[in-house]
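**Q** Let me give you the structure first, and then I'll get to my questions.
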Amino acid sequence: MESIYTIPVNEAFEQNHQCPFCTLFDKLEENELDLILGASMMEPDIRIKTNKMGFCQTHYKLMYEGKNRLSLALMLESHLDSVKKELKAGFTLFGTKAAKSAGNVGEINESCYVCDKISMHLSKMIETACILYNSEEEFRKKYSSQPYFCLKHYEKLMRVAPVFIDKKKLKEFYELTEAIQLKYISSLRDDVSFFCKKFDYRYKDEPWGTAKDAVERTIAYLNGRMI
């Protein structure tokens, strides 16, 4: 089954250096930030959505660290107008309007335009990976060579798989995915243990091997994002 997601999914599964869905997430995030600070910034329908949703702390930080501060400032200008309207709900004796205002502001605090866009596309990409696994032998070979799936994307993959993978292939899919995960987490555990030992003077002259970045890789595995 061909879709707009087939090529990027295949490309991500060819890289074999981290969770393939993290690779896709990173690319989606980069693209969405480029768009929102560039071509999409002045589109009225996009501005309505960004005014309503705002952005999470991570994406405010990434936009601030980017090169286009003017685009960010223009978005903030209209977003502040939107927030101001929510704050002007006023008070009543029983606080009903204020409660509604607080609820609306709460929704802004918990939403992010970029996160929402990434989530929508990534969900389709996870579905596409399952469809390709079900239909293409070549993709199943790519899948079997993956180093790991981070826990965040592993959960989503396991929830979606039964919908798109035939029962006769599903058992194999589960067993293969479990083997990939257990192999990686065992090696990760060994590296973290050795990382800890390196703080013991008895191990100070031992070579680091693959343990030097064990903490960063463990956080990436558990959280889906390298620090």
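We label chains A, B, ... in the order they appear in the structure tokens, count residues from 1 in each chain, and number ligands from 1 in the order shown.
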Please identify all polymer residues within 12 Å of Thr218 in chain A, counting only C-alpha atoms, omitting same-chain residues fewer than 6 positions from it, and present them as a ChimeraX atom specification.
**A** /A:18,148-151,184-193,195,211-212,224-227
**Q** With N, CA and C atoms retained, write the just-selected residues as a JSON list (two decimals), in the first residue's frame.
**A**
```json
[["chain", "number", "residue", "atom", "x", "y", "z"],
["A", 18, "GLN", "N", 18.96, 4.35, 15.88],
["A", 18, "GLN", "CA", 18.14, 4.60, 17.06],
["A", 18, "GLN", "C", 16.75, 4.06, 16.77],
["A", 148, "TYR", "N", 16.37, -0.99, 18.42],
["A", 148, "TYR", "CA", 15.37, -0.97, 19.49],
["A", 148, "TYR", "C", 14.23, -0.04, 19.11],
["A", 149, "PHE", "N", 13.18, -0.10, 19.90],
["A", 149, "PHE", "CA", 12.08, 0.86, 19.82],
["A", 149, "PHE", "C", 11.96, 1.50, 21.21],
["A", 150, "CYS", "N", 12.01, 2.82, 21.28],
["A", 150, "CYS", "CA", 11.89, 3.46, 22.59],
["A", 150, "CYS", "C", 10.55, 3.10, 23.21],
["A", 151, "LEU", "N", 10.45, 3.18, 24.52],
["A", 151, "LEU", "CA", 9.23, 2.72, 25.20],
["A", 151, "LEU", "C", 7.99, 3.48, 24.77],
["A", 184, "TYR", "N", 18.29, -5.30, 23.46],
["A", 184, "TYR", "CA", 18.80, -3.95, 23.66],
["A", 184, "TYR", "C", 18.81, -3.56, 25.14],
["A", 185, "ILE", "N", 17.73, -3.87, 25.83],
["A", 185, "ILE", "CA", 17.66, -3.44, 27.23],
["A", 185, "ILE", "C", 18.69, -4.18, 28.08],
["A", 186, "SER", "N", 19.04, -5.41, 27.70],
["A", 186, "SER", "CA", 20.07, -6.15, 28.42],
["A", 186, "SER", "C", 21.44, -5.49, 28.21],
["A", 187, "SER", "N", 21.73, -5.12, 26.97],
["A", 187, "SER", "CA", 23.02, -4.47, 26.69],
["A", 187, "SER", "C", 23.08, -3.09, 27.33],
["A", 188, "LEU", "N", 21.94, -2.41, 27.36],
["A", 188, "LEU", "CA", 21.87, -1.09, 27.98],
["A", 188, "LEU", "C", 22.11, -1.20, 29.49],
["A", 189, "ARG", "N", 21.50, -2.20, 30.08],
["A", 189, "ARG", "CA", 21.67, -2.44, 31.53],
["A", 189, "ARG", "C", 23.14, -2.71, 31.85],
["A", 190, "ASP", "N", 23.80, -3.50, 31.02],
["A", 190, "ASP", "CA", 25.22, -3.79, 31.22],
["A", 190, "ASP", "C", 26.06, -2.52, 31.13],
["A", 191, "ASP", "N", 25.74, -1.67, 30.16],
["A", 191, "ASP", "CA", 26.50, -0.43, 29.98],
["A", 191, "ASP", "C", 26.28, 0.53, 31.16],
["A", 192, "VAL", "N", 25.05, 0.63, 31.64],
["A", 192, "VAL", "CA", 24.78, 1.49, 32.79],
["A", 192, "VAL", "C", 25.52, 0.98, 34.02],
["A", 193, "SER", "N", 25.53, -0.32, 34.20],
["A", 193, "SER", "CA", 26.24, -0.90, 35.35],
["A", 193, "SER", "C", 27.73, -0.59, 35.28],
["A", 195, "PHE", "N", 29.07, 1.91, 33.63],
["A", 195, "PHE", "CA", 29.19, 3.36, 33.84],
["A", 195, "PHE", "C", 29.32, 3.65, 35.33],
["A", 211, "ALA", "N", 30.06, 2.16, 27.14],
["A", 211, "ALA", "CA", 29.32, 2.62, 28.32],
["A", 211, "ALA", "C", 29.36, 4.14, 28.53],
["A", 212, "LYS", "N", 30.19, 4.85, 27.81],
["A", 212, "LYS", "CA", 30.40, 6.26, 28.12],
["A", 212, "LYS", "C", 29.12, 7.09, 28.00],
["A", 224, "GLY", "N", 12.19, 8.57, 24.78],
["A", 224, "GLY", "CA", 12.02, 8.89, 23.37],
["A", 224, "GLY", "C", 12.77, 10.11, 22.90],
["A", 225, "ARG", "N", 13.59, 10.71, 23.75],
["A", 225, "ARG", "CA", 14.34, 11.90, 23.33],
["A", 225, "ARG", "C", 15.69, 11.92, 24.03],
["A", 226, "MET", "N", 16.75, 12.06, 23.24],
["A", 226, "MET", "CA", 18.09, 12.16, 23.78],
["A", 226, "MET", "C", 18.28, 13.52, 24.44],
["A", 227, "ILE", "N", 18.97, 13.55, 25.57],
["A", 227, "ILE", "CA", 19.23, 14.83, 26.23],
["A", 227, "ILE", "C", 20.60, 15.36, 25.80]]
```
**Q** Counting only C-alpha atoms, what is within 12 Å of range 57-60 of chain A, bar same-chain residues fewer than 4 positions away, as a list in words?
**A** Glu29, Glu30, Glu32, Leu33, Asp34, Ile36, Leu37, Thr50, Tyr64, Glu65, Gly66, Arg69, Leu72, Ala73, Met75, Leu76, Ile108, Asn109, Glu110, Ser111, Cys112, Tyr113, Val114, Cys115, Asp116, Ile118 and Arg225 of chain A
**Q** Just the number, please: distance in Å from CA of Ser123 in chain A to CA of Thr177 in chain A, one decimal.
**A**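 Straight-line distance from CA of Ser123 in chain A to CA of Thr177 in chain A works out to 18.3 Å.
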**Q** Between A:Ile165, A:Met53, A:Met120, A:Ala214, which has the minimum distance to Phe25 in chain A (counting only C-alpha atoms)?
**A**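 Checking each candidate against Phe25 in chain A, we get A:Met120 as the closest.
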**Q** Got a sec: who's within 12 Å of Asp81 in chain A, counting only C-alpha atoms, leaving out chain neighbours fewer than 6 positions off, as an mmCIF file with C-alpha atoms, in the first residue's frame?
**A**
```cif
data_model
loop_
_atom_site.group_PDB
_atom_site.id
_atom_site.type_symbol
_atom_site.label_atom_id
_atom_site.label_comp_id
_atom_site.auth_asym_id
_atom_site.auth_seq_id
_atom_site.Cartn_x
_atom_site.Cartn_y
_atom_site.Cartn_z
ATOM 1 C CA ARG A 47 -2.740 31.492 13.013
ATOM 2 C CA ILE A 48 -6.228 30.760 14.406
ATOM 3 C CA THR A 50 -1.751 28.637 17.093
ATOM 4 C CA ASN A 51 -3.638 31.452 18.851
ATOM 5 C CA LYS A 52 -5.966 28.906 20.396
ATOM 6 C CA GLY A 54 -0.135 27.879 21.821
ATOM 7 C CA LEU A 74 4.406 38.007 15.530
ATOM 8 C CA MET A 75 2.811 34.750 16.628
ATOM 9 C CA LEU A 87 -8.605 36.398 31.081
ATOM 10 C CA LYS A 88 -11.272 39.088 30.643
#
```
**Q** Closest to Lys117 in chain A among A:Leu170, A:Ser71, A:Lys49, A:Arg159, using only C-alpha atoms?
**A** A:Lys49
**Q** Mind pulling up the distance from CA of Lys169 in chain A to CA of Val9 in chain A?
**A**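 Here the two named atoms are 19.7 Å from each other.
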**Q** Find the spatial neighbours of range 144-146 of chain A, counting only C-alpha atoms, within a cut-off of 8 Å - ignore same-chain residues fewer than 5 positions away - and output them as a list in words.
**A**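 Skipping anything fewer than 5 positions along the chain leaves Phe13, Asn16, His17, Gln18, Cys19, Pro20, Leu176, Thr177 and Ile180 of chain A.
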**Q** Would you mind exporting the chosen residues as a PDB file, in the first residue's frame, restricted to N, CA and C atoms?
**A**
```pdb
ATOM      1  N   PHE A  13      13.658   3.261   8.640  1.00  0.00           N
ATOM      2  CA  PHE A  13      13.993   1.885   8.999  1.00  0.00           C
ATOM      3  C   PHE A  13      15.284   1.403   8.345  1.00  0.00           C
ATOM      4  N   ASN A  16      18.979   2.515  11.185  1.00  0.00           N
ATOM      5  CA  ASN A  16      19.474   1.555  12.178  1.00  0.00           C
ATOM      6  C   ASN A  16      20.417   2.146  13.237  1.00  0.00           C
ATOM      7  N   HIS A  17      20.189   3.381  13.652  1.00  0.00           N
ATOM      8  CA  HIS A  17      21.055   3.937  14.700  1.00  0.00           C
ATOM      9  C   HIS A  17      20.286   4.309  15.969  1.00  0.00           C
ATOM     10  N   GLN A  18      18.962   4.351  15.884  1.00  0.00           N
ATOM     11  CA  GLN A  18      18.139   4.601  17.065  1.00  0.00           C
ATOM     12  C   GLN A  18      16.748   4.064  16.769  1.00  0.00           C
ATOM     13  N   CYS A  19      15.804   4.308  17.670  1.00  0.00           N
ATOM     14  CA  CYS A  19      14.418   3.942  17.404  1.00  0.00           C
ATOM     15  C   CYS A  19      13.986   4.605  16.098  1.00  0.00           C
ATOM     16  N   PRO A  20      13.481   3.850  15.113  1.00  0.00           N
ATOM     17  CA  PRO A  20      13.123   4.462  13.830  1.00  0.00           C
ATOM     18  C   PRO A  20      12.013   5.493  13.958  1.00  0.00           C
ATOM     19  N   LEU A 176       9.391 -11.202  17.440  1.00  0.00           N
ATOM     20  CA  LEU A 176      10.544 -10.468  16.917  1.00  0.00           C
ATOM     21  C   LEU A 176      10.756  -9.162  17.672  1.00  0.00           C
ATOM     22  N   THR A 177       9.660  -8.424  17.901  1.00  0.00           N
ATOM     23  CA  THR A 177       9.764  -7.146  18.614  1.00  0.00           C
ATOM     24  C   THR A 177      10.254  -7.363  20.041  1.00  0.00           C
ATOM     25  N   ILE A 180      14.012  -8.028  19.974  1.00  0.00           N
ATOM     26  CA  ILE A 180      14.751  -6.771  19.743  1.00  0.00           C
ATOM     27  C   ILE A 180      14.837  -5.966  21.036  1.00  0.00           C
TER      28      ILE A 180
END
```
**Q** Which residue gives the smallest distance to Thr6 in chain A among A:Leu157, A:Leu122, A:Leu132, A:Val83, with only C-alpha atoms counted?
**A**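 When distances to Thr6 in chain A are compared using only C-alpha atoms, the smallest one comes from A:Leu132.
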**Q** Apply DSSP to the structure's backbone, then extract all residues of range 7-184 of chain A labelled alpha helix (DSSP H) and return them as a PyMOL selection string.
**A** chain A and resi 7-13+20-36+44-53+57-65+69-87+96-110+113-135+137-144+151-164+167-184
